[in-house]
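Novice: Could you have a look at this structure, given as structure tokens, before my questions?
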Amino acid sequence: MRYLLIAIYEKTALLGSITLIAYRIFLPYIYKVPYLTSSVQIIFLIFWAITLIGGMMSYLFPYIRTPKRPLKAEGIIRTFYLKSDKIIMQVYCYVFGAYAIFYLDRVSVLFDYLMLLLLGMFLGYKIAVRANKYSLDETSKKKQVSKKESHTR
């Protein structure tokens with residue numbers, strides 16, 4: 001049962017976050033539909049329960065991991081993965097250019113949310129690249145030290 005709860009948690013955590021962001025953006029329009037607000041609140045209550053129980057289970061049982069599928073040799077996901085640095089940089093630059101040139105912040109608040117999302121993706125990617133580079137440098141230094149110690153013996 002705990003394997004199932006952790007697997008459901010890992011699959012729905014991102015979906016719940018995306019749904020919550022969309023809900024908050026379109027909140028003024030959702031209130032105009034009578035029963036939509038209560039149904040969305042029930043869905044968020046289910047997401048909250050899954051996140052609470054699954055997060056607690058993954059914390060209590062860190063050895064339980066869901067199997068990950070390897071990337072295919074060819075495919076769109078692999079292409080996005082390998083070219084993610086260029087894609088994120090270009091999308092951010094294009095949208096920021098349009099945002100600044102056309103004064104989109106005065107048109108709608110949705111463009112502010114879009115810029116905030118893209119800025120978070122851009123900065124998060126840069127932080128991840130630096131952290132990965134740092135960890136790779138540290139592991140290579142440890143390997144070099146261990147090789148020197150083995151040669152001196």
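Ordered as shown in the structure tokens, chains take letters A, B, and onward, while each chain numbers its residues from 1 and ligands are numbered from 1 in the order shown.
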Would you list the contacts of range 57-68 of chain A as a PyMOL selection string, taking every protein, DNA or RNA residue within 8 Å and counting only C-alpha atoms, but skipping same-chain residues closer than 2 positions in sequence?

Specialist: chain A and resi 2-3+5-7+53-55+70

Novice: Please return as an NGL selection string: the residues of chain A that backbone DSSP assigns to alpha helix (DSSP H).

Specialist: :A and (2-25 or 27-30 or 36-60 or 76-82 or 84-101 or 109-152)

Novice: Fewer than 4 positions away in the same chain doesn't count, so skip those; otherwise give me all residues within 9 Å of range 121-133 of chain A, counting only C-alpha atoms, as number ranges by chain.

Specialist: A: 84-85, 88-89, 92, 116-117, 137-138

Novice: Considering only C-alpha atoms, give me a table of residues in range 59-127 of chain A that are at most 9 Å from range 21-28 of chain A, with the closest atom pair and distance in Å for each, as CSV.

Specialist:
residue,atom,partner,partner_atom,distance
A:Val109,CA,A:Ile25,CA,8.5
A:Leu110,CA,A:Ile25,CA,6.9
A:Tyr113,CA,A:Ile25,CA,7.8

Novice: What does the structure give for the distance between CA of Phe80 in chain A and CA of Leu118 in chain A, in Å to one decimal?

Specialist: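 Separating CA of Phe80 in chain A from CA of Leu118 in chain A is a distance of 16.2 Å.
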
Novice: Could you check the closest approach to Ile18 in chain A for each of A:Tyr103, A:Gly97, A:Phe47, A:Leu36 and tell me which residue wins, using only C-alpha atoms?

Specialist: A:Phe47

Novice: Quick one: pull the distance between CA of Leu15 in chain A and CA of Ile46 in chain A, Å, one decimal.

Specialist: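 Straight-line distance from CA of Leu15 in chain A to CA of Ile46 in chain A works out to 12.2 Å.
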